[in-house]
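Colleague: For reference, this is final_39.json, and it has JSON, C-alpha atoms.
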[["chain", "number", "residue", "atom", "x", "y", "z"],
["U", 1, "MET", "CA", 0.00, 0.00, 0.00],
["U", 2, "SER", "CA", 2.93, 2.33, 0.64],
["U", 3, "SER", "CA", 3.83, 1.98, -3.03],
["U", 4, "VAL", "CA", 0.82, 4.20, -3.78],
["U", 5, "LYS", "CA", 1.39, 6.75, -1.04],
["U", 6, "ALA", "CA", 3.11, 6.73, 2.34],
["U", 7, "VAL", "CA", 1.02, 5.41, 5.24],
["U", 8, "ARG", "CA", 1.54, 5.68, 8.99],
["U", 9, "GLY", "CA", 1.90, 2.04, 9.91],
["U", 10, "LEU", "CA", 4.25, -0.91, 10.06],
["U", 11, "GLY", "CA", 5.41, -2.60, 6.87],
["U", 12, "TRP", "CA", 4.11, -6.10, 7.58],
["U", 13, "GLY", "CA", 4.11, -7.35, 4.01],
["U", 14, "GLY", "CA", 2.52, -10.80, 3.71],
["U", 15, "GLY", "CA", 3.83, -12.08, 7.02],
["U", 16, "ALA", "CA", 1.42, -10.69, 9.62],
["U", 17, "ILE", "CA", -0.44, -13.96, 10.06],
["U", 18, "SER", "CA", 0.19, -17.32, 11.68],
["U", 19, "ASN", "CA", -1.73, -20.28, 13.10],
["U", 20, "SER", "CA", -1.75, -21.69, 16.61],
["U", 21, "GLU", "CA", -3.82, -24.10, 18.65],
["U", 22, "TRP", "CA", -5.38, -22.40, 21.68],
["U", 23, "LYS", "CA", -6.89, -24.01, 24.75],
["U", 24, "GLY", "CA", -8.96, -22.54, 27.58],
["U", 25, "PRO", "CA", -12.50, -22.13, 28.91],
["U", 26, "LYS", "CA", -15.19, -20.71, 26.65],
["U", 27, "LEU", "CA", -15.58, -17.04, 27.35],
["U", 28, "ARG", "CA", -19.35, -17.41, 27.09],
["U", 29, "ASP", "CA", -19.37, -19.99, 29.90],
["U", 30, "VAL", "CA", -17.24, -17.74, 32.11],
["U", 31, "LEU", "CA", -19.56, -14.76, 31.59],
["U", 32, "LEU", "CA", -22.68, -16.84, 32.23],
["U", 33, "TYR", "CA", -21.09, -18.17, 35.41],
["U", 34, "ALA", "CA", -20.37, -14.59, 36.43],
["U", 35, "GLY", "CA", -24.07, -13.77, 36.15],
["U", 36, "ILE", "CA", -24.34, -12.21, 32.70],
["U", 37, "SER", "CA", -27.86, -12.79, 31.39],
["U", 38, "GLU", "CA", -28.34, -13.92, 27.82],
["U", 39, "GLU", "CA", -31.58, -11.93, 27.73],
["U", 40, "ASN", "CA", -29.59, -8.69, 27.99],
["U", 41, "ILE", "CA", -27.31, -9.38, 25.02],
["U", 42, "ASP", "CA", -27.74, -6.75, 22.30],
["U", 43, "LYS", "CA", -29.95, -4.77, 24.70],
["U", 44, "THR", "CA", -28.23, -3.46, 27.83],
["U", 45, "ILE", "CA", -25.12, -5.50, 26.97],
["U", 46, "GLN", "CA", -23.86, -4.81, 23.46],
["U", 47, "HIS", "CA", -20.07, -5.06, 23.88],
["U", 48, "ILE", "CA", -17.61, -7.13, 25.84],
["U", 49, "GLN", "CA", -14.62, -5.00, 26.83],
["U", 50, "PHE", "CA", -11.15, -6.23, 27.72],
["U", 51, "GLU", "CA", -8.44, -4.47, 29.69],
["U", 52, "ALA", "CA", -4.82, -5.61, 29.75],
["U", 53, "LEU", "CA", -1.98, -5.42, 32.23],
["U", 54, "ASP", "CA", 0.38, -3.77, 29.76],
["U", 55, "ARG", "CA", 0.57, 0.01, 29.99],
["U", 56, "ASP", "CA", 0.76, 2.40, 27.06],
["U", 57, "PHE", "CA", 0.98, 6.18, 26.63],
["U", 58, "GLU", "CA", -2.64, 6.35, 27.71],
["U", 59, "LYS", "CA", -3.40, 4.06, 30.65],
["U", 60, "PHE", "CA", -3.69, 0.45, 29.52],
["U", 61, "TYR", "CA", -4.27, -1.49, 26.33],
["U", 62, "GLY", "CA", -7.96, -2.12, 25.83],
["U", 63, "ALA", "CA", -10.37, -3.32, 23.18],
["U", 64, "SER", "CA", -13.88, -4.67, 22.81],
["U", 65, "VAL", "CA", -15.91, -7.03, 20.65],
["U", 66, "PRO", "CA", -19.66, -6.94, 19.95],
["U", 67, "ALA", "CA", -21.32, -9.15, 22.56],
["U", 68, "HIS", "CA", -23.04, -11.46, 20.08],
["U", 69, "TYR", "CA", -19.68, -12.80, 18.87],
["U", 70, "ILE", "CA", -19.03, -14.14, 22.36],
["U", 71, "MET", "CA", -22.46, -14.91, 23.79],
["U", 72, "LYS", "CA", -24.13, -16.83, 20.95],
["U", 73, "PRO", "CA", -24.46, -20.53, 21.90],
["U", 74, "ASP", "CA", -21.99, -21.81, 19.29],
["U", 75, "SER", "CA", -19.32, -19.17, 19.99],
["U", 76, "GLU", "CA", -15.78, -20.50, 20.16],
["U", 77, "ALA", "CA", -14.28, -17.45, 21.84],
["U", 78, "ILE", "CA", -12.08, -18.53, 24.76],
["U", 79, "LEU", "CA", -9.85, -17.31, 27.54],
["U", 80, "ALA", "CA", -6.67, -18.97, 26.37],
["U", 81, "LEU", "CA", -4.38, -20.60, 28.94],
["U", 82, "GLU", "CA", -2.36, -22.69, 26.51],
["U", 83, "MET", "CA", -0.84, -22.21, 23.07],
["U", 84, "ASN", "CA", 0.21, -25.23, 21.01],
["U", 85, "GLY", "CA", -0.07, -27.54, 24.02],
["U", 86, "VAL", "CA", 2.05, -25.54, 26.46],
["U", 87, "PRO", "CA", 1.29, -22.64, 28.85],
["U", 88, "LEU", "CA", 0.96, -19.31, 27.08],
["U", 89, "PRO", "CA", 4.41, -17.84, 26.36],
["U", 90, "PRO", "CA", 4.92, -14.33, 27.81],
["U", 91, "ASP", "CA", 5.00, -12.75, 24.34],
["U", 92, "HIS", "CA", 1.61, -14.23, 23.55],
["U", 93, "GLY", "CA", -0.23, -13.12, 26.66],
["U", 94, "TYR", "CA", 0.72, -15.20, 29.71],
["U", 95, "PRO", "CA", -1.07, -15.89, 31.94],
["U", 96, "LEU", "CA", -4.36, -15.18, 30.14],
["U", 97, "ARG", "CA", -5.36, -14.04, 26.68],
["U", 98, "VAL", "CA", -8.64, -13.48, 24.89],
["U", 99, "VAL", "CA", -9.02, -15.40, 21.62],
["U", 100, "VAL", "CA", -12.06, -14.54, 19.51],
["U", 101, "PRO", "CA", -11.60, -16.51, 16.28],
["U", 102, "GLY", "CA", -12.44, -14.72, 13.06],
["U", 103, "ILE", "CA", -11.77, -11.30, 14.62],
["U", 104, "VAL", "CA", -8.78, -9.03, 13.96],
["U", 105, "GLY", "CA", -5.85, -9.63, 16.31],
["U", 106, "ALA", "CA", -6.10, -6.15, 17.84],
["U", 107, "ARG", "CA", -9.20, -7.31, 19.73],
["U", 108, "ASN", "CA", -7.62, -10.55, 20.95],
["U", 109, "VAL", "CA", -6.21, -8.86, 24.01],
["U", 110, "LYS", "CA", -3.10, -10.30, 25.68],
["U", 111, "TRP", "CA", -2.32, -10.19, 29.43],
["U", 112, "VAL", "CA", -6.02, -9.57, 30.05],
["U", 113, "CYS", "CA", -6.90, -8.61, 33.64],
["U", 114, "LYS", "CA", -10.46, -7.29, 33.42],
["U", 115, "ILE", "CA", -13.57, -8.14, 31.38],
["U", 116, "ILE", "CA", -16.51, -5.73, 31.29],
["U", 117, "ALA", "CA", -19.97, -6.43, 29.88],
["U", 118, "SER", "CA", -21.23, -3.04, 28.72],
["U", 119, "LYS", "CA", -23.62, -1.19, 26.49],
["U", 120, "ASP", "CA", -20.64, 0.77, 25.17],
["U", 121, "GLU", "CA", -17.50, 0.01, 23.26],
["U", 122, "SER", "CA", -14.13, 0.20, 24.94],
["U", 123, "GLN", "CA", -13.01, 3.80, 25.14],
["U", 124, "SER", "CA", -9.38, 2.78, 24.76],
["U", 125, "HIS", "CA", -7.27, 4.69, 22.27],
["U", 126, "TRP", "CA", -6.77, 1.43, 20.36],
["U", 127, "GLN", "CA", -10.51, 0.97, 19.92],
["U", 128, "GLN", "CA", -11.44, 4.59, 19.23],
["U", 129, "LYS", "CA", -8.38, 6.18, 17.58],
["U", 130, "ASP", "CA", -6.70, 3.34, 15.71],
["U", 131, "TYR", "CA", -7.41, 0.19, 13.70],
["U", 132, "LYS", "CA", -10.14, 1.81, 11.62],
["U", 133, "GLY", "CA", -10.47, 2.01, 7.86],
["U", 134, "PHE", "CA", -11.09, 5.14, 5.79],
["U", 135, "GLY", "CA", -11.53, 6.09, 2.15],
["U", 136, "CYS", "CA", -8.52, 6.75, -0.05],
["U", 137, "TYR", "CA", -9.45, 10.46, -0.07],
["U", 138, "ILE", "CA", -8.97, 10.81, 3.71],
["U", 139, "ASP", "CA", -5.59, 11.97, 5.03],
["U", 140, "TRP", "CA", -4.33, 13.30, 8.36],
["U", 141, "ASP", "CA", -5.62, 16.78, 7.67],
["U", 142, "ASN", "CA", -9.28, 15.65, 7.38],
["U", 143, "LEU", "CA", -9.26, 12.46, 9.46],
["U", 144, "ASP", "CA", -12.13, 11.95, 11.93],
["U", 145, "TYR", "CA", -11.92, 8.65, 13.81],
["U", 146, "ASN", "CA", -15.48, 9.07, 15.06],
["U", 147, "LYS", "CA", -16.81, 8.50, 11.55],
["U", 148, "ALA", "CA", -15.55, 4.93, 11.16],
["U", 149, "PRO", "CA", -16.30, 1.77, 13.12],
["U", 150, "ALA", "CA", -13.52, -0.28, 14.69],
["U", 151, "ILE", "CA", -12.29, -3.14, 12.53],
["U", 152, "GLN", "CA", -13.62, -6.51, 13.67],
["U", 153, "GLU", "CA", -13.78, -9.05, 10.81],
["U", 154, "LEU", "CA", -11.03, -8.73, 8.20],
["U", 155, "PRO", "CA", -11.62, -9.01, 4.43],
["U", 156, "VAL", "CA", -10.54, -11.99, 2.36],
["U", 157, "GLN", "CA", -6.81, -12.09, 1.67],
["U", 158, "SER", "CA", -4.05, -14.35, 0.34],
["U", 159, "ALA", "CA", -0.32, -14.41, -0.23],
["U", 160, "ILE", "CA", 2.37, -16.28, -2.11],
["U", 161, "THR", "CA", 4.89, -17.64, 0.40],
["U", 162, "ASN", "CA", 7.12, -19.54, -2.02],
["U", 163, "PRO", "CA", 8.92, -18.41, -4.11],
["U", 164, "LYS", "CA", 9.97, -15.12, -2.58],
["U", 165, "ALA", "CA", 9.98, -11.87, -4.52],
["U", 166, "GLY", "CA", 13.16, -11.48, -6.57],
["U", 167, "ALA", "CA", 14.10, -15.16, -6.32],
["U", 168, "ALA", "CA", 15.44, -17.16, -9.24],
["U", 169, "VAL", "CA", 13.30, -20.25, -9.89],
["U", 170, "THR", "CA", 14.48, -23.27, -11.85],
["U", 171, "PRO", "CA", 11.84, -25.26, -13.73],
["U", 172, "ASP", "CA", 11.94, -28.98, -13.00],
["U", 173, "GLU", "CA", 12.80, -31.57, -15.63],
["U", 174, "GLU", "CA", 9.28, -31.37, -17.03],
["U", 175, "GLY", "CA", 9.37, -27.59, -17.30],
["U", 176, "ASN", "CA", 7.21, -26.94, -14.23],
["U", 177, "VAL", "CA", 7.43, -24.19, -11.63],
["U", 178, "HIS", "CA", 5.81, -24.82, -8.26],
["U", 179, "ILE", "CA", 4.30, -22.11, -6.03],
["U", 180, "ARG", "CA", 2.39, -22.17, -2.74],
["U", 181, "GLY", "CA", 0.84, -19.87, -0.16],
["U", 182, "TYR", "CA", -2.11, -19.26, 2.12],
["U", 183, "ALA", "CA", -5.56, -17.66, 2.02],
["U", 184, "TRP", "CA", -7.89, -16.54, 4.80],
["U", 185, "SER", "CA", -11.02, -14.51, 5.44],
["U", 186, "GLY", "CA", -12.47, -12.99, 8.59],
["U", 187, "GLY", "CA", -15.64, -14.03, 10.40],
["U", 188, "GLY", "CA", -14.95, -17.72, 9.83],
["U", 189, "ARG", "CA", -15.73, -17.47, 6.12],
["U", 190, "GLY", "CA", -14.03, -20.37, 4.40],
["U", 191, "ILE", "CA", -11.91, -20.14, 1.26],
["U", 192, "ILE", "CA", -13.67, -21.73, -1.70],
["U", 193, "ARG", "CA", -11.22, -20.85, -4.49],
["U", 194, "VAL", "CA", -7.76, -19.46, -5.08],
["U", 195, "ASP", "CA", -6.81, -18.12, -8.51],
["U", 196, "VAL", "CA", -3.20, -17.74, -9.60],
["U", 197, "SER", "CA", -1.53, -16.09, -12.55],
["U", 198, "ARG", "CA", 2.02, -16.21, -13.92],
["U", 199, "ASP", "CA", 1.69, -13.17, -16.21],
["U", 200, "ASN", "CA", 0.45, -10.43, -13.86],
["U", 201, "GLY", "CA", -3.22, -11.32, -14.26],
["U", 202, "LYS", "CA", -3.48, -11.68, -18.03],
["U", 203, "THR", "CA", -4.35, -15.38, -17.70],
["U", 204, "TRP", "CA", -5.46, -17.37, -14.66],
["U", 205, "GLU", "CA", -5.44, -20.92, -13.34],
["U", 206, "GLU", "CA", -7.09, -22.46, -10.28],
["U", 207, "ALA", "CA", -4.84, -23.51, -7.42],
["U", 208, "THR", "CA", -5.31, -26.67, -5.34],
["U", 209, "LEU", "CA", -6.54, -26.11, -1.79],
["U", 210, "THR", "CA", -5.13, -28.27, 0.98],
["U", 211, "PRO", "CA", -8.03, -29.83, 2.94],
["U", 212, "ASN", "CA", -8.03, -28.68, 6.57],
["U", 213, "GLY", "CA", -11.28, -30.10, 7.92],
["U", 214, "GLN", "CA", -12.80, -26.72, 8.74],
["U", 215, "PRO", "CA", -16.49, -26.06, 8.12],
["U", 216, "LYS", "CA", -17.05, -23.24, 5.66],
["U", 217, "HIS", "CA", -18.79, -21.08, 8.31],
["U", 218, "LYS", "CA", -16.11, -21.66, 10.98],
["U", 219, "SER", "CA", -12.85, -21.54, 9.07],
["U", 220, "TRP", "CA", -10.74, -19.91, 11.74],
["U", 221, "ALA", "CA", -7.34, -21.05, 10.43],
["U", 222, "TRP", "CA", -5.75, -20.27, 7.10],
["U", 223, "THR", "CA", -6.20, -22.43, 4.02],
["U", 224, "GLN", "CA", -2.98, -23.45, 2.35],
["U", 225, "TRP", "CA", -2.81, -23.82, -1.41],
["U", 226, "GLN", "CA", -0.34, -24.91, -4.06],
["U", 227, "HIS", "CA", -0.08, -24.82, -7.82],
["U", 228, "THR", "CA", 2.17, -25.95, -10.65],
["U", 229, "PHE", "CA", 2.67, -23.73, -13.67],
["U", 230, "LYS", "CA", 3.66, -25.75, -16.71],
["U", 231, "LEU", "CA", 6.13, -23.78, -18.78],
["U", 232, "THR", "CA", 7.09, -24.99, -22.26],
["U", 233, "PRO", "CA", 8.73, -28.37, -21.57],
["U", 234, "PRO", "CA", 12.08, -29.50, -23.01],
["U", 235, "THR", "CA", 11.87, -31.56, -26.20],
["U", 236, "THR", "CA", 14.03, -34.48, -27.30],
["U", 237, "THR", "CA", 15.38, -35.64, -30.67],
["U", 238, "LEU", "CA", 16.90, -38.91, -31.82],
["U", 239, "SER", "CA", 20.65, -38.72, -32.52],
["U", 240, "PRO", "CA", 22.40, -41.40, -34.64],
["U", 241, "SER", "CA", 25.16, -43.32, -32.88],
["U", 242, "VAL", "CA", 28.69, -42.88, -34.17],
["U", 243, "GLY", "CA", 30.70, -45.74, -35.61],
["U", 244, "ASP", "CA", 28.54, -48.50, -37.06],
["U", 245, "GLY", "CA", 26.09, -46.33, -39.02],
["U", 246, "ASN", "CA", 23.09, -47.72, -37.21],
["U", 247, "SER", "CA", 20.58, -45.24, -35.83],
["U", 248, "THR", "CA", 19.89, -45.69, -32.13],
["U", 249, "SER", "CA", 17.65, -43.87, -29.72],
["U", 250, "ALA", "CA", 19.81, -41.31, -27.95],
["U", 251, "PRO", "CA", 17.61, -38.55, -26.52],
["U", 252, "THR", "CA", 19.17, -35.13, -26.70],
["U", 253, "THR", "CA", 17.60, -32.00, -25.19],
["U", 254, "THR", "CA", 17.14, -29.16, -27.64],
["U", 255, "SER", "CA", 17.89, -26.52, -25.04],
["U", 256, "GLN", "CA", 18.12, -23.56, -27.37],
["U", 257, "SER", "CA", 14.51, -23.69, -28.57],
["U", 258, "THR", "CA", 13.31, -24.49, -25.07],
["U", 259, "ARG", "CA", 15.03, -21.48, -23.55],
["U", 260, "LYS", "CA", 13.53, -19.18, -26.14],
["U", 261, "SER", "CA", 10.00, -20.38, -25.37],
["U", 262, "ILE", "CA", 10.29, -19.94, -21.60],
["U", 263, "PRO", "CA", 9.99, -16.38, -20.28],
["U", 264, "ASP", "CA", 12.89, -14.75, -18.48],
["U", 265, "GLU", "CA", 10.58, -13.58, -15.68],
["U", 266, "LEU", "CA", 7.29, -14.60, -14.14],
["U", 267, "GLU", "CA", 4.93, -12.08, -12.57],
["U", 268, "LEU", "CA", 3.08, -14.31, -10.11],
["U", 269, "VAL", "CA", -0.27, -13.14, -8.73],
["U", 270, "VAL", "CA", -2.77, -14.68, -6.31],
["U", 271, "LYS", "CA", -6.33, -13.76, -5.33],
["U", 272, "ALA", "CA", -8.75, -15.65, -3.11],
["U", 273, "VAL", "CA", -12.53, -16.03, -2.95],
["U", 274, "ASP", "CA", -14.34, -16.77, 0.31],
["U", 275, "SER", "CA", -17.61, -18.59, 1.03],
["U", 276, "SER", "CA", -19.61, -15.37, 0.65],
["U", 277, "TYR", "CA", -17.98, -14.85, -2.78],
["U", 278, "ASN", "CA", -16.00, -11.88, -1.58],
["U", 279, "VAL", "CA", -12.89, -11.47, -3.71],
["U", 280, "GLN", "CA", -9.75, -9.39, -3.28],
["U", 281, "PRO", "CA", -9.45, -6.05, -5.08],
["U", 282, "GLU", "CA", -6.96, -5.86, -7.93],
["U", 283, "GLU", "CA", -5.09, -2.69, -6.99],
["U", 284, "TRP", "CA", -3.99, -0.75, -3.91],
["U", 285, "ASN", "CA", -5.14, 2.66, -5.12],
["U", 286, "PRO", "CA", -8.87, 2.42, -4.36],
["U", 287, "ILE", "CA", -8.32, 0.82, -0.92],
["U", 288, "TRP", "CA", -5.40, 3.02, 0.18],
["U", 289, "ASN", "CA", -5.96, 4.40, 3.65],
["U", 290, "VAL", "CA", -3.92, 6.60, 5.93],
["U", 291, "ARG", "CA", -3.11, 3.86, 8.46],
["U", 292, "GLY", "CA", -2.35, 1.18, 5.89],
["U", 293, "VAL", "CA", -4.83, -1.30, 7.33],
["U", 294, "LEU", "CA", -7.05, -3.73, 5.41],
["U", 295, "SER", "CA", -4.32, -4.25, 2.82],
["U", 296, "THR", "CA", -5.90, -7.01, 0.78],
["U", 297, "ALA", "CA", -5.13, -6.29, -2.88],
["U", 298, "TRP", "CA", -3.82, -9.09, -5.11],
["U", 299, "HIS", "CA", -0.45, -10.30, -3.89],
["U", 300, "ARG", "CA", 2.19, -10.03, -6.59],
["U", 301, "VAL", "CA", 5.62, -11.65, -6.69],
["U", 302, "LYS", "CA", 8.05, -11.15, -9.56],
["U", 303, "VAL", "CA", 10.71, -13.85, -10.02],
["U", 304, "LYS", "CA", 13.45, -14.61, -12.51],
["U", 305, "VAL", "CA", 13.52, -17.91, -14.39],
["U", 306, "ASN", "CA", 16.81, -19.81, -14.31],
["U", 307, "LYS", "CA", 17.13, -21.41, -17.74],
["U", 308, "GLU", "CA", 20.80, -22.32, -17.57],
["U", 309, "GLU", "CA", 20.12, -25.89, -16.49],
["U", 310, "LEU", "CA", 17.49, -26.61, -19.15]]
Just dump the structure as structure tokens.
Modeller:
Amino acid sequence: MSSVKAVRGLGWGGGAISNSEWKGPKLRDVLLYAGISEENIDKTIQHIQFEALDRDFEKFYGASVPAHYIMKPDSEAILALEMNGVPLPPDHGYPLRVVVPGIVGARNVKWVCKIIASKDESQSHWQQKDYKGFGCYIDWDNLDYNKAPAIQELPVQSAITNPKAGAAVTPDEEGNVHIRGYAWSGGGRGIIRVDVSRDNGKTWEEATLTPNGQPKHKSWAWTQWQHTFKLTPPTTTLSPSVGDGNSTSAPTTTSQSTRKSIPDELELVVKAVDSSYNVQPEEWNPIWNVRGVLSTAWHRVKVKVNKEEL
């Protein structure tokens, strides 16, 4: 997004995502045990606020999530005590962290020390003055945080993880180049298709999704994908043997013609489609925003093709 215009944010690239296995009591059960009435949800109780032990320039880190995400009977929001089978590491929120699957990480508060059922959103700086999206025509001189809601569910997104941008790829013996990556969408919306291109979107092919056992309405984890682009394969000719005049089958690669038919560069592109048929935007320009959030345009990776070994 910064390639369009500078933003005030961190340059995450395609790496601001990971997957973990979390374990802890359901947050809904804890709140019911504490006396929160289901009858009041979306009435007198519209938000569940979280306060953390870590201090910032304000007072503490805080955030909130609409109550229905947590209090509906099939909610999988938890108070995490473990991560990947071991106690929460300090960097990930020990001793207690909120995990609301399908919701942006900024609301999954670490080191949580207080939970408040309220009619109002958290008044924390991080809920009211950050992590909000604006139109591409809004800049710091006309920015009004009160006019945008806090980000909760993220849009559909995807990335190419291999090969890396600028890498030199070598086609295999059949003239194939292999790529892979991930796709994900907020709100538990599953990924139903991933499209990939090797020529910057001029032509497209469908990637293969790796089954992950997630229902399409509760796809909390990423969906991995892979694809093989078939470049023009090497050809072989029959060369006569030397000495006895008899022709024998001696395959010889005609490398010169093969090299000419294979491009020097590939402009790899990926875009994903989720179960609501949301699809990623093509360009950064129309979704540019001053904080650089919601960066979900097609992911592009340009690589060189190593033809020396063909």
Colleague: What's the 12 Å shell around range 87-92 of chain U, counting only C-alpha atoms, without same-chain residues fewer than 4 positions away, as a list in words?
Modeller: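 Listing them by chain and then by number gives Ser20, Glu21, Trp22, Lys23, Gly24, Asp54, Leu79, Ala80, Leu81, Glu82, Met83, Leu96, Arg97, Val98, Val99, Gly105, Asn108, Val109, Lys110, Trp111 and Val112 of chain U.
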Colleague: Find the spatial neighbours of range 181-190 of chain U, counting all atoms listed in the file, within a cut-off of 10 Å - ignore same-chain residues fewer than 4 positions away - and output them as an MDAnalysis selection string.
Modeller: chainID U and resid 14 17 69 100:104 152:163 194 207 209:210 214:227 270:279
Colleague: Would you pick out the contacts of Lys59 in chain U at 12 Å or less, using only C-alpha atoms, so that residues sharing its chain but fewer than 5 positions from it are not included, and give the list as a VMD selection string?
Modeller: chain U and resid 51 to 54 123 to 126
Colleague: Identify the residues around (-27.1, -5.3, 27.8) within a radius of 12 Å, measuring from all atoms listed in the file in the coordinates stated by the file, and give them as a list in words.
Modeller: Ile36, Ser37, Glu38, Glu39, Asn40, Ile41, Asp42, Lys43, Thr44, Ile45, Gln46, His47, Ile48, Pro66, Ala67, His68, Met71, Ile116, Ala117, Ser118, Lys119, Asp120 and Glu121 of chain U
Colleague: Just the number, please: distance in Å from CA of Asp56 in chain U to CA of Ser122 in chain U, one decimal.
Modeller: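 Distance between the two atoms: 15.2 Å.
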Colleague: May I ask for the distance between CA of Gln280 in chain U and CA of Ile192 in chain U, given in Å to one decimal place?
Modeller: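 Atom-to-atom, CA of Gln280 in chain U and CA of Ile192 in chain U are spaced 13.0 Å apart.
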Colleague: To one decimal in Å, tell me the separation between CA of Ile287 in chain U and CA of Met1 in chain U.
Modeller: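 So the two atoms, CA of Ile287 in chain U and CA of Met1 in chain U, lie 8.4 Å apart.
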Colleague: How would you write as a ChimeraX atom specification the residues that get within 6 Å of (-5.4, 9.9, 6.8) in the file's frame, counting only C-alpha atoms?
Modeller: /U:138-140,143,290
Colleague: Step by step, gather every atom of range 39-46 of chain U that the file lists, find the box along x, y and z that holds them, add 4 Å on each side, and finally give centre and edge lengths in Å to one decimal, as lines of an AutoDock Vina configuration file.
Modeller:
center_x = -27.7
center_y = -7.7
center_z = 25.1
size_x = 15.7
size_y = 16.5
size_z = 13.7
Colleague: Of the candidates U:Leu231, U:Ala6, U:Ala63, U:Ala77, which shows the shortest atom-to-atom distance to Ile115 in chain U, using all atoms listed in the file?
Modeller: U:Ala63
Colleague: Write out as a list of chain:residue names the residues lying within 9 Å of Asn285 in chain U, counting all atoms listed in the file and excluding same-chain residues fewer than 3 positions away.
Modeller: U:Met1, U:Val4, U:Lys5, U:Cys136, U:Trp288, U:Asn289
Colleague: Measuring atom to atom with all atoms listed in the file, identify which of U:Thr208, U:Gln128, U:Val86, U:Tyr94 is nearest to Arg193 in chain U.
Modeller: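 Closest to Arg193 in chain U, using all atoms listed in the file: U:Thr208.
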Colleague: Taking only residues of range 189-216 of chain U that have an atom at most 12 Å from an atom of range 292-299 of chain U, what is each one's shortest atom pair and its distance in Å to one decimal, using only C-alpha atoms, in chain and number order, as a Markdown table?
Modeller:
| residue | atom | partner | partner_atom | distance |
| --- | --- | --- | --- | --- |
| U:Val194 | CA | U:Trp298 | CA | 11.1 |
| U:Asp195 | CA | U:Trp298 | CA | 10.1 |
| U:Val196 | CA | U:Trp298 | CA | 9.8 |
| U:Ser197 | CA | U:Trp298 | CA | 10.5 |
| U:Arg198 | CA | U:His299 | CA | 11.9 |
| U:Asn200 | CA | U:Trp298 | CA | 9.8 |
| U:Gly201 | CA | U:Trp298 | CA | 9.4 |
Colleague: Which residue is closest to Arg55 in chain U? Choose from U:Ile70, U:Ala150, U:Cys113, U:Ala165 and count only C-alpha atoms.
Modeller: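 Of all the options, U:Cys113 lies closest to Arg55 in chain U.
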Colleague: Ranking U:Pro211, U:Phe229, U:Ala168, U:Arg180 by minimum distance to Asp264 in chain U and counting all atoms listed in the file, which one comes first?
Modeller: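 Result for the nearest residue to Asp264 in chain U: U:Ala168.
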Colleague: Since the input lacks some atoms of range 218-227 of chain U, please model N, CA, C and O atoms and print them as an mmCIF file, keeping the file's coordinate frame.
Modeller:
data_model
loop_
_atom_site.group_PDB
_atom_site.id
_atom_site.type_symbol
_atom_site.label_atom_id
_atom_site.label_comp_id
_atom_site.auth_asym_id
_atom_site.auth_seq_id
_atom_site.Cartn_x
_atom_site.Cartn_y
_atom_site.Cartn_z
ATOM 1 N N LYS U 218 -16.994 -21.788 9.816
ATOM 2 C CA LYS U 218 -16.110 -21.660 10.980
ATOM 3 C C LYS U 218 -14.679 -21.991 10.586
ATOM 4 O O LYS U 218 -14.013 -22.812 11.195
ATOM 5 N N SER U 219 -14.218 -21.333 9.554
ATOM 6 C CA SER U 219 -12.850 -21.540 9.070
ATOM 7 C C SER U 219 -11.947 -20.526 9.747
ATOM 8 O O SER U 219 -11.631 -19.475 9.187
ATOM 9 N N TRP U 220 -11.541 -20.849 10.962
ATOM 10 C CA TRP U 220 -10.740 -19.910 11.740
ATOM 11 C C TRP U 220 -9.287 -19.858 11.266
ATOM 12 O O TRP U 220 -8.650 -18.807 11.319
ATOM 13 N N ALA U 221 -8.749 -20.980 10.845
ATOM 14 C CA ALA U 221 -7.340 -21.050 10.430
ATOM 15 C C ALA U 221 -7.207 -20.765 8.940
ATOM 16 O O ALA U 221 -8.183 -20.783 8.191
ATOM 17 N N TRP U 222 -5.982 -20.527 8.516
ATOM 18 C CA TRP U 222 -5.750 -20.270 7.100
ATOM 19 C C TRP U 222 -5.976 -21.531 6.272
ATOM 20 O O TRP U 222 -6.025 -22.649 6.771
ATOM 21 N N THR U 223 -6.135 -21.341 4.987
ATOM 22 C CA THR U 223 -6.200 -22.430 4.020
ATOM 23 C C THR U 223 -4.943 -22.356 3.169
ATOM 24 O O THR U 223 -4.674 -21.330 2.536
ATOM 25 N N GLN U 224 -4.178 -23.419 3.186
ATOM 26 C CA GLN U 224 -2.980 -23.450 2.350
ATOM 27 C C GLN U 224 -3.332 -23.925 0.944
ATOM 28 O O GLN U 224 -4.275 -24.685 0.742
ATOM 29 N N TRP U 225 -2.566 -23.463 -0.020
ATOM 30 C CA TRP U 225 -2.810 -23.820 -1.410
ATOM 31 C C TRP U 225 -1.477 -24.033 -2.117
ATOM 32 O O TRP U 225 -0.426 -23.578 -1.656
ATOM 33 N N GLN U 226 -1.535 -24.716 -3.236
ATOM 34 C CA GLN U 226 -0.340 -24.910 -4.060
ATOM 35 C C GLN U 226 -0.756 -25.010 -5.526
ATOM 36 O O GLN U 226 -1.905 -25.304 -5.845
ATOM 37 N N HIS U 227 0.205 -24.748 -6.395
ATOM 38 C CA HIS U 227 -0.080 -24.820 -7.820
ATOM 39 C C HIS U 227 1.203 -25.066 -8.592
ATOM 40 O O HIS U 227 2.297 -24.680 -8.147
#
